Structures are given as C-alpha cells and as structure tokens.
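A.B. asks: Could you have a look at this structure, given as structure tokens, before my questions?
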Amino acid sequence: MALLRDEDRQHLMKEFEALKNPVKLVVFTQDFECQYCKETRMIAEEVADLSDKISVEVYDFVQDKEIAETYNIDKIPATVIMRGGDDPRDFNIRYYGIPSGYEFSSVIEDIMMISSGESGLSAATKDFLANLSEPLHLQVYVTPT
C-alpha cells in the first residue's frame, strides 16, 4: 500500500523535474521494535521512485552499526539527505522520526536545495556562518501534525 497520494506523486514528479544534481536518501531503520521505521523507509522509497535523480539506501541500525556511526546516527528511524552521484557531499542534514505532516514538506525542500546547491540563505547569513570559530550543533524539534 502506497503512503503518498496519487495527486501528491504527480505534483512531486513535476517539482523534481527541476532537480539538477543527484540526491541520496540514506535511511536507517530496524525491523524489530521501531515505531515508524517501516513507514519512514516506505516514504523514502516512494519519493526516490519519482525521479531518477533521487536514490535511496536503507541500512539496519544494528546490523550496519559501522555505517550508522559513519553518519553519526544514534537513533532511529533516521534519514540522511545528501548529494549523490559523482559528487557525494554530506550537508549534515538528519531527520529523526517519520517525515510526515509539515516535516514531509521540509524533506522535499531539502532535496531541492541539495540538488541545486543553493541554500536560500542571504549573503549576510552566509558571511556570518563562514566566520563561526567553533562548531555549531543546531537541532530543531517538531511534532507530527
């Protein structure tokens, strides 16, 4: 059973025509005792099926522990959104939990931004961030709607 509605699929396919560079979704899940793991994997796979510029890799959080550590994943379900193809770059975007409701739109926006290489940040913000002298760990918490 598909999680995305047909009209949403059609809309996303049209949006994804603008993708410039490949994007990779790396999903960490687990079959045993993980609420929303299956649904998170299904959403990533359905989104990836809508464009040949989007790929998905799925890993088991326990069995693929070394890969999870490489991506600094410490809880599941988790989705890493990064550049794919010949230019794999990790922009350190991590989603924990199921990307549903407003969070789904944020995932789609991140896919579009990573593909284009443009964050949408103003020049002043980019300058400010370029001058940070210490690492910055930013987390945004949301609840499904």
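In the structure tokens, chains take the letters A, B, ... in the order shown, each chain's residues start at 1, and ligands count up from 1 in the order shown.
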Excluding same-chain residues fewer than 6 positions from range 73-82 of chain A, what lies within 8 Å of it counting only C-alpha atoms, as a short mmCIF file (atom, residue, chain, number, x, y, z; two decimals) with N, CA and C atoms, in the first residue's frame?

C.D. replies:
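The new file selection.cif reads:
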data_model
loop_
_atom_site.label_atom_id
_atom_site.label_comp_id
_atom_site.auth_asym_id
_atom_site.auth_seq_id
_atom_site.Cartn_x
_atom_site.Cartn_y
_atom_site.Cartn_z
N VAL A 23 20.54 13.40 -5.62
CA VAL A 23 20.36 13.45 -4.17
C VAL A 23 20.20 12.02 -3.68
N LYS A 24 20.82 11.75 -2.53
CA LYS A 24 20.73 10.41 -1.95
C LYS A 24 20.07 10.50 -0.58
N LEU A 25 19.09 9.63 -0.36
CA LEU A 25 18.45 9.48 0.94
C LEU A 25 19.03 8.22 1.58
N VAL A 26 19.62 8.36 2.74
CA VAL A 26 20.18 7.22 3.45
C VAL A 26 19.30 7.01 4.69
N VAL A 27 18.61 5.88 4.70
CA VAL A 27 17.62 5.62 5.76
C VAL A 27 18.15 4.53 6.69
N PHE A 28 18.06 4.80 7.98
CA PHE A 28 18.42 3.82 8.99
C PHE A 28 17.15 3.39 9.70
N THR A 29 16.95 2.11 9.73
CA THR A 29 15.72 1.54 10.25
C THR A 29 16.05 0.25 10.99
N GLN A 30 15.04 -0.43 11.40
CA GLN A 30 15.20 -1.71 12.08
C GLN A 30 13.83 -2.37 12.09
N CYS A 34 10.71 -0.83 16.31
CA CYS A 34 10.97 0.55 15.89
C CYS A 34 9.68 1.15 15.38
N GLN A 35 9.12 2.05 16.14
CA GLN A 35 7.90 2.71 15.72
C GLN A 35 8.20 3.62 14.53
N TYR A 36 7.46 3.47 13.48
CA TYR A 36 7.53 4.27 12.26
C TYR A 36 8.74 3.96 11.37
N CYS A 37 9.53 2.93 11.69
CA CYS A 37 10.67 2.58 10.82
C CYS A 37 10.19 2.15 9.44
N THR A 40 8.83 5.12 7.47
CA THR A 40 9.90 6.04 7.07
C THR A 40 10.63 5.50 5.85
N PHE A 61 20.00 -0.39 11.55
CA PHE A 61 20.72 0.35 12.59
C PHE A 61 21.63 -0.55 13.41
N PRO A 88 29.34 13.00 -4.03
CA PRO A 88 28.62 12.75 -2.76
C PRO A 88 29.12 13.68 -1.65
N ARG A 89 28.27 14.60 -1.26
CA ARG A 89 28.60 15.52 -0.17
C ARG A 89 27.53 15.41 0.90
N ASP A 90 27.99 15.33 2.13
CA ASP A 90 27.08 15.25 3.27
C ASP A 90 26.95 16.65 3.86
N PHE A 91 25.74 17.19 3.82
CA PHE A 91 25.49 18.52 4.35
C PHE A 91 25.02 18.45 5.81
N ASN A 92 25.14 17.27 6.41
CA ASN A 92 24.77 17.05 7.81
C ASN A 92 23.30 17.34 8.09
N ILE A 93 22.44 17.00 7.15
CA ILE A 93 21.00 17.12 7.36
C ILE A 93 20.49 15.75 7.79
N ARG A 94 19.91 15.70 8.97
CA ARG A 94 19.39 14.47 9.55
C ARG A 94 17.95 14.68 9.99
N TYR A 95 17.11 13.74 9.64
CA TYR A 95 15.74 13.72 10.14
C TYR A 95 15.58 12.48 10.99
N TYR A 96 15.14 12.67 12.22
CA TYR A 96 14.86 11.55 13.10
C TYR A 96 13.36 11.45 13.25
N GLY A 97 12.84 10.25 13.12
CA GLY A 97 11.40 10.05 13.16
C GLY A 97 10.83 10.04 11.76
N ILE A 98 9.54 9.87 11.68
CA ILE A 98 8.88 9.80 10.38
C ILE A 98 8.67 11.20 9.82
N ASP A 110 14.50 20.24 1.30
CA ASP A 110 15.92 19.90 1.44
C ASP A 110 16.44 19.16 0.21
N ILE A 111 15.65 18.27 -0.32
CA ILE A 111 16.04 17.56 -1.55
C ILE A 111 16.28 18.57 -2.66
N ILE A 114 19.53 20.73 -1.87
CA ILE A 114 20.77 19.98 -2.03
C ILE A 114 21.06 19.73 -3.51
#

A.B. asks: Do you know which residues are at most 12 Å from Gln10 in chain A counting only C-alpha atoms, after dropping those on the same chain fewer than 4 positions away, and could you put them as a ChimeraX atom specification?

C.D. replies: /A:4-6,14-17,47,49-51

A.B. asks: Looking only at strand (DSSP E or B) from DSSP on the backbone, list the matching residues of range 4-89 of chain A as a list of chain:residue names.

C.D. replies: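 Matching residues, listed in order: A:Val23, A:Lys24, A:Leu25, A:Val26, A:Val27, A:Phe28, A:Thr29, A:Ile54, A:Ser55, A:Val56, A:Glu57, A:Val58, A:Tyr59, A:Asp60, A:Ala78, A:Thr79, A:Val80, A:Ile81, A:Met82, A:Arg83.
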
A.B. asks: Those selected residues, please, written with N, CA and C atoms and delivered as a JSON list (two decimals), in the first residue's frame.

C.D. replies:
[["chain", "number", "residue", "atom", "x", "y", "z"],
["A", 23, "VAL", "N", 20.54, 13.40, -5.62],
["A", 23, "VAL", "CA", 20.36, 13.45, -4.17],
["A", 23, "VAL", "C", 20.20, 12.02, -3.68],
["A", 24, "LYS", "N", 20.82, 11.75, -2.53],
["A", 24, "LYS", "CA", 20.73, 10.41, -1.95],
["A", 24, "LYS", "C", 20.07, 10.50, -0.58],
["A", 25, "LEU", "N", 19.09, 9.63, -0.36],
["A", 25, "LEU", "CA", 18.45, 9.48, 0.94],
["A", 25, "LEU", "C", 19.03, 8.22, 1.58],
["A", 26, "VAL", "N", 19.62, 8.36, 2.74],
["A", 26, "VAL", "CA", 20.18, 7.22, 3.45],
["A", 26, "VAL", "C", 19.30, 7.01, 4.69],
["A", 27, "VAL", "N", 18.61, 5.88, 4.70],
["A", 27, "VAL", "CA", 17.62, 5.62, 5.76],
["A", 27, "VAL", "C", 18.15, 4.53, 6.69],
["A", 28, "PHE", "N", 18.06, 4.80, 7.98],
["A", 28, "PHE", "CA", 18.42, 3.82, 8.99],
["A", 28, "PHE", "C", 17.15, 3.39, 9.70],
["A", 29, "THR", "N", 16.95, 2.11, 9.73],
["A", 29, "THR", "CA", 15.72, 1.54, 10.25],
["A", 29, "THR", "C", 16.05, 0.25, 10.99],
["A", 54, "ILE", "N", 17.01, 10.88, -7.68],
["A", 54, "ILE", "CA", 16.94, 10.58, -6.25],
["A", 54, "ILE", "C", 17.17, 9.09, -6.05],
["A", 55, "SER", "N", 18.12, 8.77, -5.19],
["A", 55, "SER", "CA", 18.37, 7.37, -4.85],
["A", 55, "SER", "C", 18.16, 7.19, -3.36],
["A", 56, "VAL", "N", 17.98, 5.95, -2.97],
["A", 56, "VAL", "CA", 17.79, 5.64, -1.55],
["A", 56, "VAL", "C", 18.64, 4.43, -1.19],
["A", 57, "GLU", "N", 19.25, 4.51, -0.02],
["A", 57, "GLU", "CA", 19.96, 3.37, 0.56],
["A", 57, "GLU", "C", 19.34, 3.13, 1.93],
["A", 58, "VAL", "N", 19.09, 1.87, 2.25],
["A", 58, "VAL", "CA", 18.48, 1.53, 3.52],
["A", 58, "VAL", "C", 19.43, 0.63, 4.30],
["A", 59, "TYR", "N", 19.65, 1.00, 5.57],
["A", 59, "TYR", "CA", 20.54, 0.22, 6.43],
["A", 59, "TYR", "C", 19.83, -0.14, 7.72],
["A", 60, "ASP", "N", 20.21, -1.28, 8.26],
["A", 60, "ASP", "CA", 19.72, -1.71, 9.56],
["A", 60, "ASP", "C", 20.60, -1.09, 10.63],
["A", 78, "ALA", "N", 15.91, 7.17, 11.07],
["A", 78, "ALA", "CA", 16.71, 8.33, 10.71],
["A", 78, "ALA", "C", 16.87, 8.38, 9.20],
["A", 79, "THR", "N", 16.88, 9.60, 8.67],
["A", 79, "THR", "CA", 17.09, 9.81, 7.24],
["A", 79, "THR", "C", 18.16, 10.87, 7.06],
["A", 80, "VAL", "N", 19.19, 10.52, 6.30],
["A", 80, "VAL", "CA", 20.24, 11.46, 5.92],
["A", 80, "VAL", "C", 19.91, 11.92, 4.51],
["A", 81, "ILE", "N", 19.95, 13.23, 4.28],
["A", 81, "ILE", "CA", 19.72, 13.76, 2.95],
["A", 81, "ILE", "C", 21.03, 14.38, 2.50],
["A", 82, "MET", "N", 21.59, 13.86, 1.41],
["A", 82, "MET", "CA", 22.90, 14.31, 0.96],
["A", 82, "MET", "C", 22.99, 14.33, -0.56],
["A", 83, "ARG", "N", 24.04, 14.93, -1.07],
["A", 83, "ARG", "CA", 24.29, 14.91, -2.51],
["A", 83, "ARG", "C", 24.68, 13.49, -2.89]]

A.B. asks: Using DSSP secondary structure from the backbone, list all alpha helix (DSSP H) positions within chain A, as a PyMOL selection string.

C.D. replies: chain A and resi 6-16+37-48+65-70+102-116+123-130

A.B. asks: If you measure from CA of Glu46 in chain A to CA of Glu103 in chain A, what distance in Å do you get, rounded to one decimal?

C.D. replies: 15.8 Å

A.B. asks: Report, in Å to a single decimal, how far apart CA of Ile108 in chain A and CA of Leu12 in chain A are.

C.D. replies: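 CA of Ile108 in chain A lies 8.5 Å from CA of Leu12 in chain A.
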
A.B. asks: Work out how far apart CA of Ser133 in chain A and CA of Met113 in chain A are and give it in Å to one decimal.

C.D. replies: 25.2 Å
